[in-house]
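Below you'll find the structure, written out as C-alpha cells, and then a few comments.
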Amino acid sequence: MWRDVGSKMSLTYDDRWEAVSNQNPGDVLTIRAPNTAAHGLYNFAGCKVNIENDGRFKIYPRRNAGAIQRTAFSRDYWERYFGLYNDVVVHEGTDNNGLGEGFASMASFSFEDYKGVKVKKRGLAFASHYRNRVYLVECSAEESVYHEWHNAFLNVIKSVDFHDGTNFAITGYYRDFLQDKTLKVRGPSVFEDGYY
C-alpha cells in the first residue's frame with residue numbers, strides 16, 4: 001500500500017512491483033511491474049499517479065461533481081494530456097466513471113514511448129477532480145502484451161482511495177456540522193428565544 005503525504009490518497013499494488021523515478025511534473029508515484037520477457041520483448045508494464053491542485057471549482061457544491069467532470073475532464077482534457085506522448089490513438093473515452101470517491105473520465109489509448117527505446121504501448125487512464133485536486137492514474141504496457149496486464153492495472157485503479165476526512169458516516173458528504181456553534185434565534189420575548 002502506498003499513501004501520498006500531501007493529499008492522503010492511497011492505492012495498493014502487487015509487492016513484486018517497484019517504485020521508480022517520476023518523469024513528469026505532478027507525478028507522485030511511478031511503479032513498474034517485473035520486466036519479464038514475453039515473446040522476446042520486454043513488457044514495459046507500469047502505472048503512474050499524477051496529482052495537481054485545481055481550485056477552479058471551489059464555489060460549486062459537491063452535487064455538481066458529475067457535471068464538472070463531464071464539462072472540464074472529458075475529451076478536451078484527454079487531448080491536452082495526450083500532448084505528452086507521440087502518435088496517440090484514443091480507442092475509447094467515457095464519462096461518469098469512478099476513481100476513489102470522485103467522478104472520473106476514462107480513456108483507453110495507444111502511443112509511442114521514446115524513453116530509452118521506441119516502444120508502441122497501450123494504456124488505460126482515469127482522471128478525477130476531487131476536493132480541488134485533479135487525480136490521474138495511468139497504466140500502460142507494451143501493446144502486444146497489454147491484455148496480460150489489463151486486470152492487474154484495473155486492480156491498481158480500483159484500489160484508489162482519497163481518505164476524505166469529511167465523509168464521516170455520521171454526517172455523510174456534508175461539512176462536520178455537529179461542531180458548529182450554538183445558534184440563538186430571538187423570539188418575541190427573552191423567554192421564547194430558541195437555541196439550535
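Simple scheme: letters A, B, ... for chains in C-alpha cells order, numbers from 1 for residues in each chain, numbers from 1 for ligands in the order shown.
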Can you pull out every residue from region 51-182 of chain A that DSSP, working from the backbone, puts in strand (DSSP E), and format the result as a VMD selection string? chain A and resid 51 to 53 86 to 99 102 to 113 119 to 130 133 to 142
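Every residue of region 4-182 of chain A with a DSSP assignment of alpha helix (DSSP H), taken from the backbone, is listed as Ala65, Gly66, Ala67, Ile68, Gln69, Arg70, Thr71, Ala72, Arg75, Asp76, Tyr77, Trp78, Glu79, Arg80, Tyr81, Tyr146, His147, Glu148, Trp149, His150, Asn151, Ala152, Phe153, Leu154, Asn155, Val156, Ile157 and Lys158 of chain A.
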Selection: 12 Å around Phe82 (chain A), only C-alpha atoms, excl. self and same-chain fewer than 3 positions, as a compact mmCIF listing (two decimals) with C-alpha atoms, in the first residue's frame:
# COMPACT_ATOMS: atom_id res chain seq x y z
CA ARG A 75 -12.46 14.71 -24.32
CA ASP A 76 -10.73 18.13 -24.23
CA TYR A 77 -8.87 17.17 -21.07
CA TRP A 78 -7.54 13.98 -22.67
CA GLU A 79 -6.49 15.80 -25.84
CA TYR A 85 3.02 11.43 -25.95
CA ASN A 86 3.71 10.74 -29.62
CA ASP A 87 1.36 9.13 -32.16
CA VAL A 88 -1.56 8.82 -29.75
CA VAL A 89 -4.68 6.92 -30.77
CA VAL A 90 -7.64 7.12 -28.38
CA ALA A 107 -9.54 6.80 -21.71
CA SER A 108 -8.13 3.73 -23.43
CA PHE A 109 -5.30 4.67 -25.77
CA SER A 110 -2.16 3.67 -27.69
CA PHE A 111 1.00 5.73 -28.08
CA GLU A 112 4.71 5.55 -28.84
CA ASP A 113 7.12 5.91 -25.95
CA GLY A 123 -2.75 2.19 -21.84
CA LEU A 124 -5.71 2.93 -19.63
CA ALA A 125 -6.14 6.15 -17.65
CA GLU A 138 -2.45 5.88 -15.83
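Taking only C-alpha atoms into account, Ala72 (chain A) lies nearest to A:Val134 out of the set A:Met9, A:Val134, A:Ile31, A:Ile59.
The spacing separating CA of Glu143 (chain A) from CA of Tyr81 (chain A) amounts to 19.7 Å.
Of note, CA of Arg131 (chain A) and CA of Val156 (chain A) are spaced 21.3 Å apart.
Between CA of Ala19 (chain A) and CA of Thr94 (chain A) there is a distance of 28.9 Å.
Using only C-alpha atoms, the nearest neighbour of Phe153 (chain A) within the list A:Asn97, A:Thr12, A:Trp2, A:Ser7 is A:Thr12.
Residue nearest Tyr13 (chain A) within the list A:Arg133, A:Arg62, A:Lys184, A:Arg32: A:Arg32 [criterion: smallest interatomic distance, only C-alpha atoms].
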Write out as a ChimeraX atom specification the residues lying within 7 Å of Ala127 (chain A), counting only C-alpha atoms and excluding same-chain residues fewer than 3 positions away. /A:104-106,134-137
May I have the selected residues written with N, CA and C atoms, as a PDB file, in the first residue's frame?
ATOM      1  N   ALA A 104     -15.119  10.265 -12.536  1.00  0.00           N
ATOM      2  CA  ALA A 104     -13.904  10.200 -13.344  1.00  0.00           C
ATOM      3  C   ALA A 104     -14.216  10.007 -14.814  1.00  0.00           C
ATOM      4  N   SER A 105     -13.278  10.446 -15.615  1.00  0.00           N
ATOM      5  CA  SER A 105     -13.275  10.196 -17.043  1.00  0.00           C
ATOM      6  C   SER A 105     -12.262   9.093 -17.296  1.00  0.00           C
ATOM      7  N   MET A 106     -12.551   8.220 -18.251  1.00  0.00           N
ATOM      8  CA  MET A 106     -11.654   7.109 -18.569  1.00  0.00           C
ATOM      9  C   MET A 106     -11.260   7.191 -20.030  1.00  0.00           C
ATOM     10  N   VAL A 134      -6.809  17.418  -9.046  1.00  0.00           N
ATOM     11  CA  VAL A 134      -7.032  16.503 -10.168  1.00  0.00           C
ATOM     12  C   VAL A 134      -6.145  15.289  -9.930  1.00  0.00           C
ATOM     13  N   TYR A 135      -6.784  14.130  -9.825  1.00  0.00           N
ATOM     14  CA  TYR A 135      -6.080  12.865  -9.634  1.00  0.00           C
ATOM     15  C   TYR A 135      -6.105  12.111 -10.955  1.00  0.00           C
ATOM     16  N   LEU A 136      -4.940  11.690 -11.419  1.00  0.00           N
ATOM     17  CA  LEU A 136      -4.858  10.923 -12.651  1.00  0.00           C
ATOM     18  C   LEU A 136      -4.070   9.648 -12.367  1.00  0.00           C
ATOM     19  N   VAL A 137      -4.643   8.516 -12.736  1.00  0.00           N
ATOM     20  CA  VAL A 137      -3.932   7.242 -12.625  1.00  0.00           C
ATOM     21  C   VAL A 137      -3.871   6.665 -14.030  1.00  0.00           C
TER      22      VAL A 137
END
I want to know what sits within 9 Å of Asp14 (chain A), based on only C-alpha atoms, with residues of the same chain fewer than 6 positions away left out; could you give that as a ChimeraX atom specification? /A:1,33,152,156
Selected residues written out, N, CA, C and O atoms, as a compact mmCIF listing (two decimals), in the first residue's frame:
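The result, stored in out.txt:
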# COMPACT_ATOMS: atom_id res chain seq x y z
N MET A 1 0.85 -1.18 0.00
CA MET A 1 0.00 0.00 0.00
C MET A 1 0.89 1.24 0.00
O MET A 1 1.88 1.30 0.71
N ALA A 33 6.03 -2.89 -13.17
CA ALA A 33 5.84 -4.33 -12.97
C ALA A 33 7.15 -5.04 -13.28
O ALA A 33 8.03 -4.49 -13.95
N ALA A 152 -4.54 -6.53 -13.90
CA ALA A 152 -3.66 -6.02 -12.84
C ALA A 152 -3.76 -4.50 -12.77
O ALA A 152 -3.79 -3.92 -11.68
N VAL A 156 -5.11 -2.01 -9.55
CA VAL A 156 -4.45 -0.81 -9.01
C VAL A 156 -5.42 0.35 -9.01
O VAL A 156 -5.58 1.05 -8.00
